[in-house]
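Trainee: Below: one structure in structure tokens.
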Amino acid sequence: MTASMRLYYFPTPNGRKVSIALEEMGLPYEIVPVDILKGEQHRPDFLAISPNNRIPALVDGDVTLFESGAILQYLGRRSGQLYPADEAGRCRVDSWLFWQMAGLGPMAGQLSWFTRVAAAPDRDPRDASYAKHCYLKEVTRLYGVLERQLTGRAYLCDGYSIADIACWTWVDQYHAQVGGLAGFPAIAAWHRRLAARPAVRRGLTVWMPATAAD
Ligand SMILES: N[C@@H](CCC(=O)N[C@@H](CS)C(=O)NCC(=O)O)C(=O)O
């Protein structure tokens with residue numbers, strides 16, 4: 001019997017991408033919790049797996065990966081699911097996957113950080129308000145890009161793919177990011193479409209710490 005994959009995990013958007021993909025693909029895996037609120041990402045044994053000290057990471061036999069986008073591509077190739085085999089289709093999925101990895105994720109992450117800094121009682125709100133303004137503007141622009149792509153489409157590319165999963169876990173925090181989806185009807189429909197999938201629901205609840213964080 002082959003050992004199942006080990007997913008080094010904390011329930012954040014980047015961690016959830018991988019648990020959702022594994023659930024969708026029906027691949028056996030076990031969760032290795034890395035509680036980033038307790039600083040467990042800095043443990044030497046985790047550093048040996050994830051040189052950037054960040055979750056998620058995946059170990060599958062002699063394959064070790066960090067960076068959620070690389071993990072999703074690997075799982076897509078390994079399972080033959082949610083990642084087209086033809087070059088043109090794969091390029092379309094890669095484009096949206098990289099858009100998420102380089103744009104939506106980092107920008108939404110910074111927005112979340114500066115929103116918290118601006119609201120912290122021990123900080124002068126002016127310290128963070130300009131940064132928050134800039135990141136909100138950019139995240140709103142990115143939502144506009146996503147809205148355009150999803151208008152008239154059920155999924156980002158030709159069918160449901162790892163690119164949808166990558167973007168969805170970030171958009172799932174739409175309320176904190178852009179206040180609501182009233183101005184983004186195509187995103188709202190797509191968000192509901194994925195939220196209704198049993199594998200997505202399972203992937204969101206695979207493991208929770210005593211105190212959850214995003
Ligand atoms: N680009 C990386 C980002 C990973 C990342 O930022 N992980 C966060 C949780 S979402 C983390 O481990 N944070 C711990 C820390 O900042 O020390 C990926 O997509 O895997």
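Chains: A, B, ... in order of the structure tokens. Residues: from 1 per chain. Ligands: from 1, in order shown.
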Please identify all polymer residues within 7 Å of Ile187 (chain A), counting only C-alpha atoms, omitting same-chain residues fewer than 3 positions from it, and present them as a list of chain:residue names.

Mentor: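 Here the qualifying residues turn out to be A:Glu147, A:Leu150, A:Phe184, A:Trp190, A:His191.
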
Trainee: Quick one: write out the picked residues with N, CA and C atoms as a CSV table (one decimal), in the first residue's frame?

Mentor:
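Generated file (again17.csv):
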chain,number,residue,atom,x,y,z
A,147,GLU,N,-14.8,39.7,-13.0
A,147,GLU,CA,-16.2,39.8,-13.5
A,147,GLU,C,-16.3,39.8,-15.0
A,150,LEU,N,-15.9,36.2,-16.1
A,150,LEU,CA,-16.9,35.2,-15.8
A,150,LEU,C,-18.3,35.6,-16.4
A,184,PHE,N,-21.0,42.8,-8.7
A,184,PHE,CA,-20.3,41.8,-9.5
A,184,PHE,C,-21.2,40.5,-9.6
A,190,TRP,N,-20.9,32.6,-9.8
A,190,TRP,CA,-19.7,31.6,-9.7
A,190,TRP,C,-19.4,31.2,-8.3
A,191,HIS,N,-19.4,32.2,-7.4
A,191,HIS,CA,-19.1,31.9,-6.0
A,191,HIS,C,-20.1,30.9,-5.5

Trainee: Using only C-alpha atoms and all ligand atoms, determine which residues fall within 10 Å of ligand 1, then list them as a ChimeraX atom specification.

Mentor: /A:8-18,34-42,50,52-57,65-72,100-102,105-106,109,166,170,213-214

Trainee: Restrict the calculation to only C-alpha atoms, then for each residue of region 45-133 of chain A with any atom at most 10 Å from an atom of region 20-28 of chain A give the closest atom pair and their distance in Å to one decimal, rows by chain and rising residue number, as CSV.

Mentor:
residue,atom,partner,partner_atom,distance
A:Ile71,CA,A:Ala21,CA,9.6
A:Leu72,CA,A:Ala21,CA,7.2
A:Leu75,CA,A:Leu22,CA,7.6
A:Gly76,CA,A:Met25,CA,8.4
A:Arg78,CA,A:Leu27,CA,9.6
A:Ser79,CA,A:Met25,CA,6.7
A:Gly80,CA,A:Met25,CA,8.8
A:Gln81,CA,A:Met25,CA,6.5
A:Leu82,CA,A:Met25,CA,8.0

Trainee: Grab the CA of Ala199 (chain A) to CA of Trp96 (chain A) distance for me, in Å with one decimal place.

Mentor: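 Separation of CA of Ala199 (chain A) and CA of Trp96 (chain A): 21.2 Å.
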
Trainee: Could you state the separation of CA of Pro33 (chain A) and CA of Arg6 (chain A) in Å, given to one decimal place?

Mentor: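 Here the two named atoms are 9.9 Å from each other.
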
Trainee: Find the distance between CA of Leu136 (chain A) and CA of Asp172 (chain A) and write it in Å to one decimal.

Mentor: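 If I compute the distance from CA of Leu136 (chain A) to CA of Asp172 (chain A), I get 16.0 Å.
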
Trainee: Which residue is closest to Gly103 (chain A)? Choose from A:Tyr160, A:Tyr135, A:Phe46, A:Tyr155 and count only C-alpha atoms.

Mentor: A:Tyr135

Trainee: Counting only C-alpha atoms, figure out which residue out of A:Met5, A:Arg148, A:Arg201, A:Leu111 gets nearest to Tyr130 (chain A).

Mentor: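 Answer, going by the shortest atom-to-atom distance: A:Leu111.
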
Trainee: Hey, what does DSSP flag as strand (DSSP E) within region 19-124 of chain A? Can you give it to me as a PyMOL selection string?

Mentor: chain A and resi 29-33+57-60+63-66
